[in-house]
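Shown next: coords-v8.cif, given as mmCIF, C-alpha atoms.
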data_work
#
loop_
_atom_site.label_atom_id
_atom_site.label_comp_id
_atom_site.auth_asym_id
_atom_site.auth_seq_id
_atom_site.Cartn_x
_atom_site.Cartn_y
_atom_site.Cartn_z
CA MET A 1 -15.49 32.18 -15.38
CA GLU A 2 -18.75 30.38 -14.51
CA PRO A 3 -18.89 28.21 -17.71
CA PHE A 4 -15.22 27.28 -17.32
CA SER A 5 -15.71 26.51 -13.64
CA THR A 6 -18.66 24.23 -14.36
CA PHE A 7 -16.75 22.49 -17.14
CA PHE A 8 -13.66 22.02 -14.95
CA HIS A 9 -15.60 20.54 -12.04
CA SER A 10 -17.66 18.28 -14.29
CA VAL A 11 -14.62 16.88 -16.09
CA SER A 12 -12.72 16.40 -12.83
CA PHE A 13 -15.56 14.51 -11.15
CA THR A 14 -16.14 12.36 -14.25
CA TYR A 15 -12.44 11.57 -14.56
CA LEU A 16 -12.08 10.40 -10.94
CA PHE A 17 -15.34 8.46 -11.02
CA LEU A 18 -14.51 6.62 -14.25
CA LEU A 19 -10.99 5.90 -13.00
CA GLY A 20 -12.53 4.42 -9.85
CA MET A 21 -14.95 2.27 -11.87
CA TYR A 22 -12.04 1.02 -13.97
CA MET A 23 -10.06 -0.02 -10.88
CA LEU A 24 -13.11 -1.71 -9.36
CA PHE A 25 -14.49 -3.66 -12.29
CA SER A 26 -11.85 -3.96 -15.02
CA GLU A 27 -9.92 -7.23 -14.97
CA ARG A 28 -7.61 -6.03 -17.74
CA ASN A 29 -4.61 -3.85 -16.99
CA ILE A 30 -4.43 -1.24 -19.75
CA PHE A 31 -1.31 0.43 -18.37
CA ALA A 32 1.17 -2.45 -18.01
CA ASP A 33 1.69 -6.21 -18.27
CA THR A 34 1.98 -6.57 -14.50
CA HIS A 35 -0.59 -8.21 -12.21
CA PRO A 36 -1.27 -5.99 -9.18
CA SER A 37 -3.18 -7.29 -6.18
CA PRO A 38 -6.96 -7.41 -6.85
CA SER A 39 -7.68 -6.21 -3.31
CA LEU A 40 -5.30 -3.29 -3.82
CA ARG A 41 -7.15 -2.34 -7.01
CA ARG A 42 -10.51 -2.58 -5.23
CA VAL A 43 -9.40 -0.34 -2.36
CA THR A 44 -8.05 2.15 -4.90
CA GLY A 45 -11.36 2.10 -6.79
CA VAL A 46 -13.40 2.69 -3.63
CA ASN A 47 -11.09 5.58 -2.72
CA LEU A 48 -11.46 7.18 -6.14
CA ILE A 49 -15.26 6.96 -6.17
CA ALA A 50 -15.56 8.21 -2.58
CA TRP A 51 -13.24 11.15 -3.24
CA SER A 52 -15.01 12.00 -6.50
CA ILE A 53 -18.39 12.15 -4.74
CA SER A 54 -16.92 14.26 -1.94
CA PHE A 55 -15.27 16.45 -4.55
CA LEU A 56 -18.56 16.98 -6.36
CA LEU A 57 -20.50 17.78 -3.19
CA SER A 58 -17.86 20.25 -2.00
CA VAL A 59 -17.87 21.94 -5.39
CA PHE A 60 -21.62 22.44 -5.31
CA LEU A 61 -21.45 23.91 -1.84
CA PHE A 62 -18.54 26.22 -2.55
CA LYS A 63 -20.11 27.39 -5.80
CA GLY A 64 -23.36 28.20 -4.06
CA HIS A 65 -25.55 25.79 -6.04
CA PHE A 66 -27.25 24.79 -2.80
CA GLU A 67 -28.86 27.31 -0.50
CA THR A 68 -27.16 26.34 2.72
CA ASP A 69 -26.07 28.11 5.86
CA GLU A 70 -22.55 28.24 7.25
CA MET A 71 -23.18 25.34 9.61
CA THR A 72 -24.06 23.03 6.72
CA HIS A 73 -20.87 24.06 4.94
CA ASP A 74 -18.86 23.20 8.06
CA ILE A 75 -20.57 19.81 8.37
CA VAL A 76 -19.72 18.90 4.76
CA ARG A 77 -16.13 20.02 5.24
CA GLN A 78 -15.81 17.79 8.30
CA LEU A 79 -17.36 14.85 6.45
CA SER A 80 -14.71 15.13 3.71
CA PHE A 81 -11.99 14.45 6.26
CA PHE A 82 -13.55 11.08 7.08
CA LEU A 83 -12.07 9.87 3.79
CA LEU A 84 -8.56 10.04 5.28
CA PRO A 85 -8.78 6.58 7.00
CA LEU A 86 -9.82 5.14 3.63
CA SER A 87 -6.71 6.66 2.05
CA THR A 88 -4.48 5.30 4.82
CA LEU A 89 -5.91 1.83 4.16
CA LEU A 90 -4.78 2.16 0.54
CA LEU A 91 -1.29 3.22 1.59
CA MET A 92 -1.01 0.24 3.94
CA LYS A 93 -2.13 -2.07 1.14
CA LEU A 94 0.79 -0.77 -0.93
CA VAL A 95 3.32 -2.21 1.51
CA GLN A 96 1.74 -5.65 1.04
CA LEU A 97 0.57 -6.05 4.65
CA PRO A 98 -1.44 -9.29 5.00
CA ARG A 99 -5.02 -9.49 6.23
CA ILE A 100 -5.61 -5.78 6.71
CA LYS A 101 -8.99 -5.28 8.34
CA TRP A 102 -11.23 -2.35 7.48
CA LYS A 103 -12.35 -1.98 11.09
CA LYS A 104 -8.85 -1.09 12.21
CA PHE A 105 -8.83 1.91 9.87
CA LEU A 106 -12.40 2.98 10.63
CA LEU A 107 -11.84 3.23 14.40
CA PRO A 108 -9.88 6.54 14.14
CA ALA A 109 -13.04 8.10 12.67
CA LEU A 110 -14.97 7.63 15.94
CA PRO A 111 -13.59 10.65 17.88
CA PRO A 112 -14.27 13.15 15.05
CA ALA A 113 -17.69 11.52 14.58
CA VAL A 114 -18.48 12.35 18.21
CA LEU A 115 -17.19 15.89 17.66
CA LEU A 116 -19.38 16.22 14.59
CA VAL A 117 -22.47 15.16 16.55
CA CYS A 118 -21.59 17.66 19.28
CA PHE A 119 -21.14 20.38 16.65
CA ILE A 120 -24.54 19.64 15.09
CA ALA A 121 -26.22 19.55 18.51
CA THR A 122 -24.67 22.75 19.89
CA ASN A 123 -23.55 24.71 16.80
CA ASN A 124 -20.41 25.53 18.78
CA ASN A 125 -17.48 26.29 16.47
CA ILE A 126 -14.97 24.92 18.98
CA PHE A 127 -15.95 21.35 18.04
CA TYR A 128 -15.25 22.15 14.39
CA LYS A 129 -11.77 23.46 15.20
CA ILE A 130 -10.98 20.49 17.44
CA SER A 131 -12.05 18.16 14.62
CA ILE A 132 -9.69 19.87 12.13
CA ALA A 133 -6.85 19.69 14.67
CA TYR A 134 -7.56 15.99 15.25
CA TRP A 135 -7.28 15.15 11.56
CA ILE A 136 -4.03 17.09 11.28
CA ILE A 137 -2.55 15.15 14.21
CA TYR A 138 -3.92 11.90 12.77
CA THR A 139 -2.28 12.55 9.40
CA VAL A 140 1.10 13.52 10.86
CA THR A 141 1.11 10.49 13.17
CA PHE A 142 0.19 8.15 10.35
CA LEU A 143 2.93 9.53 8.09
CA ILE A 144 5.55 8.96 10.81
CA VAL A 145 4.38 5.35 11.26
CA TYR A 146 4.11 4.82 7.52
CA ILE A 147 7.66 5.97 6.80
CA ASN A 148 8.84 3.18 9.11
CA LYS A 149 6.56 0.67 7.32
CA VAL A 150 8.01 1.66 3.93
CA LYS A 151 11.55 1.19 5.27
CA ARG A 152 10.63 -2.28 6.55
CA TYR A 153 9.00 -3.08 3.22
CA THR A 154 12.13 -2.03 1.31
CA ASN A 155 14.39 -4.08 3.58
CA ARG A 156 12.09 -7.07 3.14
CA LEU A 157 12.25 -6.66 -0.63
CA LYS A 158 16.03 -6.73 -0.57
CA GLU A 159 15.98 -9.87 1.55
CA ASN A 160 13.75 -11.70 -0.96
CA TYR A 161 14.21 -10.34 -4.49
CA SER A 162 17.10 -9.60 -6.81
CA ASP A 163 15.04 -7.25 -9.00
CA LEU A 164 13.03 -4.49 -7.32
CA GLU A 165 11.49 -3.13 -10.51
CA ASN A 166 7.66 -2.87 -10.15
CA ARG A 167 8.04 -3.75 -6.48
CA GLU A 168 9.82 -0.90 -4.74
CA LEU A 169 7.95 2.19 -3.50
CA GLN A 170 10.37 5.06 -4.07
CA TRP A 171 7.58 6.86 -5.90
CA LEU A 172 5.68 7.07 -2.61
CA GLY A 173 8.00 9.89 -1.54
CA ILE A 174 6.55 12.05 -4.30
CA ILE A 175 3.02 10.97 -3.42
CA THR A 176 3.60 11.75 0.26
CA THR A 177 4.84 15.24 -0.61
CA ILE A 178 1.84 15.86 -2.86
CA PHE A 179 -0.54 14.43 -0.26
CA VAL A 180 0.78 16.62 2.58
CA SER A 181 0.75 19.70 0.34
CA TYR A 182 -2.77 18.84 -0.80
CA LEU A 183 -3.97 18.47 2.78
CA ILE A 184 -2.47 21.80 3.83
CA ILE A 185 -3.93 23.66 0.88
CA TYR A 186 -7.31 21.96 1.26
CA ILE A 187 -7.47 22.96 4.94
CA ILE A 188 -6.62 26.54 3.95
CA ALA A 189 -9.32 26.40 1.29
CA THR A 190 -11.96 25.08 3.68
CA LEU A 191 -11.14 27.69 6.31
CA SER A 192 -10.75 30.69 4.01
CA GLU A 193 -13.13 29.67 1.18
CA ARG A 194 -10.80 31.36 -1.29
CA GLU A 195 -11.42 29.88 -4.72
CA PHE A 196 -7.75 29.98 -5.75
CA TYR A 197 -6.68 27.53 -3.03
CA LEU A 198 -9.63 25.32 -3.84
CA TYR A 199 -8.61 25.02 -7.50
CA VAL A 200 -4.99 24.34 -6.55
CA SER A 201 -6.03 21.58 -4.14
CA TYR A 202 -8.31 19.98 -6.76
CA ILE A 203 -5.58 19.99 -9.42
CA MET A 204 -3.09 18.48 -6.96
CA GLY A 205 -5.65 15.83 -6.05
CA LEU A 206 -6.20 14.89 -9.71
CA CYS A 207 -2.45 14.66 -10.33
CA ALA A 208 -1.90 12.60 -7.19
CA TRP A 209 -4.61 10.06 -8.00
CA SER A 210 -3.42 9.73 -11.61
CA TYR A 211 0.11 9.12 -10.36
CA ILE A 212 -1.10 6.57 -7.79
CA VAL A 213 -3.18 4.60 -10.31
CA TRP A 214 -0.32 4.54 -12.82
CA HIS A 215 2.09 3.07 -10.27
CA ILE A 216 -0.41 0.66 -8.74
CA GLU A 217 -1.05 -0.80 -12.19
CA HIS A 218 2.72 -1.33 -12.50
CA GLN A 219 3.04 -2.85 -9.01
CA GLU A 220 3.50 -6.61 -8.82
CA LYS A 221 1.57 -8.65 -6.28
CA LEU A 222 3.94 -10.36 -3.85
CA ASP A 223 2.65 -13.64 -2.44
CA ASP A 224 3.56 -14.65 1.13
CA PHE A 225 5.63 -11.49 1.40
CA TRP A 226 5.39 -10.95 5.15
CA THR A 227 5.57 -14.61 6.11
CA ASP A 228 8.71 -16.62 6.71
CA LYS A 229 7.24 -19.80 5.28
CA SER A 230 7.22 -20.91 1.68
CA ILE A 231 7.14 -24.28 -0.05
CA SER A 232 10.90 -24.59 0.35
CA ASP A 233 10.66 -23.66 4.06
CA ILE A 234 8.32 -26.52 4.89
CA THR A 235 10.63 -29.27 3.61
CA ASP A 236 14.03 -28.71 5.15
CA GLU A 237 16.86 -30.96 3.94
CA PRO A 238 16.68 -34.18 5.99
CA GLU A 239 20.33 -35.07 5.47
CA GLN A 240 21.34 -31.79 7.12
CA ALA A 241 18.83 -31.88 9.98
CA ASP A 242 21.30 -33.23 12.52
CA LYS A 243 23.98 -30.67 11.79
CA SER A 244 24.59 -27.60 13.88
CA VAL A 245 23.54 -24.19 12.64
CA THR A 246 27.17 -23.21 12.06
CA THR A 247 27.82 -26.31 9.98
CA LYS A 248 24.65 -25.69 8.02
CA LEU A 249 25.68 -22.13 7.22
CA GLU A 250 29.09 -23.34 6.03
CA TRP A 251 27.37 -25.93 3.85
CA ILE A 252 25.07 -23.22 2.44
CA GLY A 253 28.13 -21.15 1.51
CA GLU A 254 29.57 -24.08 -0.44
CA ARG A 255 26.26 -24.70 -2.19
CA LEU A 256 25.96 -21.01 -3.08
CA GLN A 257 29.37 -21.11 -4.71
CA THR A 258 28.42 -24.19 -6.75
CA GLU A 259 24.82 -23.45 -7.72
CA CYS A 260 24.64 -19.67 -7.84
CA ILE A 261 28.14 -18.48 -8.75
CA ASP A 262 29.81 -21.33 -10.69
CA ARG A 263 26.65 -22.18 -12.64
CA LYS A 264 25.77 -18.46 -12.96
CA LEU A 265 22.26 -18.83 -11.60
CA PHE A 266 22.53 -15.15 -10.59
CA LEU A 267 22.02 -14.25 -14.28
CA GLN A 268 18.37 -15.33 -14.04
CA PRO A 269 16.47 -11.99 -14.10
CA ASP A 270 13.55 -13.03 -11.87
CA LEU A 271 15.67 -14.89 -9.31
CA ASN A 272 14.27 -14.74 -5.78
CA ILE A 273 15.47 -16.16 -2.48
CA ALA A 274 12.78 -18.86 -2.25
CA TYR A 275 13.80 -20.35 -5.59
CA LEU A 276 17.53 -20.13 -4.86
CA ALA A 277 17.00 -21.78 -1.48
CA GLN A 278 15.09 -24.58 -3.16
CA VAL A 279 17.89 -25.12 -5.71
CA ILE A 280 20.50 -25.19 -2.94
CA GLY A 281 18.44 -27.58 -0.83
CA THR A 282 17.77 -25.39 2.19
CA ASN A 283 15.11 -22.87 3.20
CA ARG A 284 15.14 -19.10 2.85
CA THR A 285 15.41 -18.58 6.62
CA TYR A 286 18.82 -20.28 6.73
CA LEU A 287 19.87 -18.63 3.47
CA SER A 288 18.95 -15.18 4.81
CA GLN A 289 20.81 -15.97 8.03
CA TYR A 290 23.91 -16.90 6.05
CA LEU A 291 23.77 -13.67 4.02
CA ARG A 292 23.28 -11.56 7.15
CA GLN A 293 26.32 -13.28 8.63
CA LYS A 294 28.24 -11.97 5.60
CA ASP A 295 26.88 -8.44 6.25
CA THR A 296 24.77 -8.45 3.10
CA ASN A 297 21.29 -9.31 1.86
CA PHE A 298 19.93 -11.26 -1.10
CA TYR A 299 19.51 -8.18 -3.32
CA THR A 300 23.06 -6.92 -2.73
CA PHE A 301 24.61 -10.40 -3.00
CA VAL A 302 23.01 -11.25 -6.37
CA ASN A 303 23.39 -7.82 -7.92
CA THR A 304 27.04 -7.51 -6.90
CA LEU A 305 27.65 -10.68 -8.93
CA ARG A 306 25.67 -9.20 -11.83
CA ILE A 307 27.63 -5.94 -11.77
CA GLN A 308 30.91 -7.89 -11.74
CA HIS A 309 29.69 -9.97 -14.69
CA ALA A 310 28.64 -6.82 -16.54
CA GLN A 311 32.06 -5.28 -15.91
CA HIS A 312 33.70 -8.42 -17.32
CA LEU A 313 31.55 -8.22 -20.46
CA PHE A 314 32.28 -4.51 -20.81
CA GLU A 315 36.02 -5.18 -20.81
CA SER A 316 36.08 -8.42 -22.83
CA GLU A 317 33.31 -7.76 -25.40
CA PRO A 318 33.90 -4.29 -26.91
CA GLN A 319 31.26 -4.84 -29.58
CA MET A 320 28.43 -5.19 -27.02
CA THR A 321 26.21 -2.21 -26.25
CA LEU A 322 25.27 -1.30 -22.68
CA SER A 323 21.74 -2.58 -23.32
CA ASP A 324 23.14 -5.93 -24.45
CA ILE A 325 25.42 -6.08 -21.42
CA ALA A 326 22.48 -5.33 -19.12
CA ALA A 327 20.39 -8.11 -20.67
CA GLU A 328 23.26 -10.63 -20.57
CA SER A 329 23.98 -9.77 -16.93
CA GLY A 330 20.50 -10.55 -15.61
CA PHE A 331 18.94 -7.10 -15.66
CA ASN A 332 15.46 -6.59 -17.10
CA SER A 333 16.34 -3.25 -18.65
CA LEU A 334 19.11 -0.69 -19.04
CA GLN A 335 17.29 1.50 -16.52
CA SER A 336 17.33 -1.34 -13.99
CA TYR A 337 21.05 -1.87 -14.65
CA ARG A 338 21.72 1.84 -14.12
CA ARG A 339 19.74 1.95 -10.87
CA VAL A 340 21.44 -1.17 -9.46
CA TYR A 341 24.86 0.05 -10.58
CA TYR A 342 24.35 3.23 -8.55
CA SER A 343 23.00 1.25 -5.57
CA ILE A 344 25.99 -1.13 -5.50
CA THR A 345 28.88 1.12 -6.53
CA GLY A 346 27.65 4.60 -5.60
CA ASN A 347 28.50 5.87 -9.10
CA THR A 348 25.73 7.75 -10.89
CA GLN A 349 27.13 7.11 -14.39
CA LEU A 350 27.53 3.75 -16.10
CA PRO A 351 30.91 2.94 -17.68
CA LYS A 352 31.37 4.51 -21.10
CA ARG A 353 33.34 3.17 -24.01
CA GLY A 354 36.23 5.28 -25.14
#
Re-express the file's structure as structure tokens.
Amino acid sequence: MEPFSTFFHSVSFTYLFLLGMYMLFSERNIFADTHPSPSLRRVTGVNLIAWSISFLLSVFLFKGHFETDEMTHDIVRQLSFFLLPLSTLLLMKLVQLPRIKWKKFLLPALPPAVLLVCFIATNNNIFYKISIAYWIIYTVTFLIVYINKVKRYTNRLKENYSDLENRELQWLGIITTIFVSYLIIYIIATLSEREFYLYVSYIMGLCAWSYIVWHIEHQEKLDDFWTDKSISDITDEPEQADKSVTTKLEWIGERLQTECIDRKLFLQPDLNIAYLAQVIGTNRTYLSQYLRQKDTNFYTFVNTLRIQHAQHLFESEPQMTLSDIAAESGFNSLQSYRRVYYSITGNTQLPKRG
């Protein structure tokens, strides 16, 4: 098994390292035609290279290539957990949070750093166990906070965009499951030193990072996502400035009927709330307020109109295929049409021709 083990570890390290170099230095997206955030790609690249180096060092120690005592093994294991704040920074970048500072995510590493120094100074195993417990609590706490961030991100998407393709983060549920499973198995591997768990954790890590890179390269950068100001927000309509909020909202409803529904602006695939607000002559704050007053959001409002239009085409144009109907109704793909159809109607199956 020794030749296979060496080959496996060498290929795994090389794969992660090269993937990290690609994310750091390649300006060309080889996976998709999207344009992800450069800072998001850089953070991903740093993560990949850091984890690949940690992976390689752990492999050498576990395989006995270095003559080290048990204390050195424990030190290296603790050092590998310091990569968790770097991973949380990447996850926060995915929800498009503005001006994320590295310092904020490095501060949680201070307590285990103190524990590590105490462990080195005293060689007392209790500091090692406390450090492991700390990282477990840190991870669980972060996941609870992050689930709320993802929910806010999804709600924000639906308030601003009619098409969530390459923007939504449903795939993070799979990543979270893999990440938690990986962490559990890795902790078992570090405590028991059983090679089976180590291999399982490494394979899960490789799959998780491949999955993350694939989706990040398909993720669109969203400008001014967490701000309420856009170009259309700055220049409110002067002729409406003296009207009450209620009157403004009524006026917005009339303009929506004329510009969005009657002129079928909702059929524009990349329609977003900032552009629609600009066409109407208001700002997206008032438009969002109007939609909330109607117990809906921008995503649901636009896509309900698209589904109704698709249903009309389905009934009046029997020669059209579902793909044609999807394209003519403002959807970027049949898959997008199917997903929105389920979201709006609750039906898992699209209409079928008899």
The PyMOL selection byres ((chain A and resi 74) around 10) on the file shown: which residues, as a PDB file with C-alpha atoms, keeping the file's coordinate frame?
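Listing of out31.pdb after writing:
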ATOM      1  CA  ASP A  69     -26.070  28.110   5.860  1.00  0.00           C
ATOM      2  CA  GLU A  70     -22.550  28.240   7.250  1.00  0.00           C
ATOM      3  CA  MET A  71     -23.180  25.340   9.610  1.00  0.00           C
ATOM      4  CA  THR A  72     -24.060  23.030   6.720  1.00  0.00           C
ATOM      5  CA  HIS A  73     -20.870  24.060   4.940  1.00  0.00           C
ATOM      6  CA  ILE A  75     -20.570  19.810   8.370  1.00  0.00           C
ATOM      7  CA  VAL A  76     -19.720  18.900   4.760  1.00  0.00           C
ATOM      8  CA  ARG A  77     -16.130  20.020   5.240  1.00  0.00           C
ATOM      9  CA  GLN A  78     -15.810  17.790   8.300  1.00  0.00           C
ATOM     10  CA  LEU A  79     -17.360  14.850   6.450  1.00  0.00           C
ATOM     11  CA  LEU A 116     -19.380  16.220  14.590  1.00  0.00           C
ATOM     12  CA  PHE A 119     -21.140  20.380  16.650  1.00  0.00           C
ATOM     13  CA  ILE A 120     -24.540  19.640  15.090  1.00  0.00           C
ATOM     14  CA  ASN A 125     -17.480  26.290  16.470  1.00  0.00           C
ATOM     15  CA  TYR A 128     -15.250  22.150  14.390  1.00  0.00           C
ATOM     16  CA  THR A 190     -11.960  25.080   3.680  1.00  0.00           C
ATOM     17  CA  LEU A 191     -11.140  27.690   6.310  1.00  0.00           C
TER      18      LEU A 191
END
Check your understanding: Counting all atoms listed in the file, what is within 12 Å of Ile147 in chain A, bar same-chain residues fewer than 3 positions away, as JSON, numbers by chain?
Key -> {"A": [91, 92, 95, 140, 141, 142, 143, 144, 150, 151, 152, 153, 154, 169, 170, 172, 173, 176]}
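Against the coordinates shown, the PyMOL selection byres ((chain A and resi 294-305) around 8) returns Leu157, Lys158, Glu159, Asn160, Tyr161, Ser162, Asp163, Ile261, Phe266, Ile273, Ser288, Tyr290, Leu291, Arg292, Gln293, Arg306, Ile307, Gln308, His309, Val340 and Ile344 of chain A.
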Include C-alpha atoms and write out the residues we just selected as an mmCIF file, keeping the file's coordinate frame.
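Just written: part03.cif:
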data_model
loop_
_atom_site.group_PDB
_atom_site.id
_atom_site.type_symbol
_atom_site.label_atom_id
_atom_site.label_comp_id
_atom_site.auth_asym_id
_atom_site.auth_seq_id
_atom_site.Cartn_x
_atom_site.Cartn_y
_atom_site.Cartn_z
ATOM 1 C CA LEU A 157 12.250 -6.660 -0.630
ATOM 2 C CA LYS A 158 16.030 -6.730 -0.570
ATOM 3 C CA GLU A 159 15.980 -9.870 1.550
ATOM 4 C CA ASN A 160 13.750 -11.700 -0.960
ATOM 5 C CA TYR A 161 14.210 -10.340 -4.490
ATOM 6 C CA SER A 162 17.100 -9.600 -6.810
ATOM 7 C CA ASP A 163 15.040 -7.250 -9.000
ATOM 8 C CA ILE A 261 28.140 -18.480 -8.750
ATOM 9 C CA PHE A 266 22.530 -15.150 -10.590
ATOM 10 C CA ILE A 273 15.470 -16.160 -2.480
ATOM 11 C CA SER A 288 18.950 -15.180 4.810
ATOM 12 C CA TYR A 290 23.910 -16.900 6.050
ATOM 13 C CA LEU A 291 23.770 -13.670 4.020
ATOM 14 C CA ARG A 292 23.280 -11.560 7.150
ATOM 15 C CA GLN A 293 26.320 -13.280 8.630
ATOM 16 C CA ARG A 306 25.670 -9.200 -11.830
ATOM 17 C CA ILE A 307 27.630 -5.940 -11.770
ATOM 18 C CA GLN A 308 30.910 -7.890 -11.740
ATOM 19 C CA HIS A 309 29.690 -9.970 -14.690
ATOM 20 C CA VAL A 340 21.440 -1.170 -9.460
ATOM 21 C CA ILE A 344 25.990 -1.130 -5.500
#
Review point. What gap, in Å, lies between CA of His218 in chain A and CA of Arg41 in chain A?
Key: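 CA of Arg41 in chain A lies at a distance of 11.3 Å from CA of His218 in chain A.
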Review point. Near range 32-39 of chain A, counting all atoms listed in the file, which residues have an atom at most 9 Å away, once you skip same-chain residues fewer than 5 positions from it, shown as JSON, numbers by chain?
Key: {"A": [23, 24, 27, 44, 93, 96, 166, 214, 216, 217, 218, 219, 220, 221, 222]}
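Excluding range 329-334 of chain A itself and same-chain residues fewer than 5 positions from it, the residues having an atom within 7 Å of it are A:Leu267, A:Gln268, A:Pro269, A:Arg306, A:His309, A:Ala310, A:Ser323, counting all atoms listed in the file.
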Study note, to complete from the structure: Judged by all atoms listed in the file, the minimum distance to Ala113 in chain A among A:Gly346, A:Trp135, A:Met204, A:Glu165 is found for A:Trp135
Exercise for review: Find, counting only C-alpha atoms, the residue in A:Leu265, A:Gly45, A:Phe314, A:Trp102 that gets nearest to Lys352 in chain A.
Suggested key: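 That would be A:Phe314, the residue with the smallest distance to Lys352 in chain A.
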Exercise for review: Could you please determine the separation between CA of Pro112 in chain A and CA of Asn124 in chain A in Å, to one decimal place?
Suggested key: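 One can read the CA of Pro112 in chain A to CA of Asn124 in chain A distance as 14.3 Å.
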Practice item. Find, counting all atoms listed in the file, the residue in A:Gly20, A:Pro351, A:Pro85, A:Gly281 that gets nearest to Ile212 in chain A. Key: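 Among the listed residues, A:Gly20 lies closest to Ile212 in chain A.
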Practice item. Would you work out the distance separating CA of Leu16 in chain A from CA of Ser52 in chain A, expressed in Å to one decimal? Key: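 Taking CA of Leu16 in chain A and CA of Ser52 in chain A, their separation equals 5.6 Å.
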**Study point:** Non-local contacts of Leu86 in chain A (12 Å; all atoms listed in the file; under 2 positions in same chain excluded) as number ranges by chain
**Key:** A: 42-51, 80-84, 88-93, 101-109
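Across A:Tyr341, A:Phe7, A:Trp171, A:Tyr186, the tightest approach to Gly205 in chain A is made by A:Tyr186 when counting only C-alpha atoms.
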Return as lines of an AutoDock Vina configuration file the box centre and box size in Å, one decimal, for an axis-aligned box around all listed atoms of range 179-186 of chain A padded by 6 Å per side.
center_x = -3.3
center_y = 19.0
center_z = 1.5
size_x = 20.1
size_y = 21.2
size_z = 16.6
**Study point:** Contacts of Thr246 in chain A within 12 Å, only C-alpha atoms, excl. fewer than 6 positions in-chain, as a list in words
**Key:**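 Selected residues are Gln240, Ile252, Gly253, Tyr286, Gln289, Tyr290 and Gln293 of chain A.
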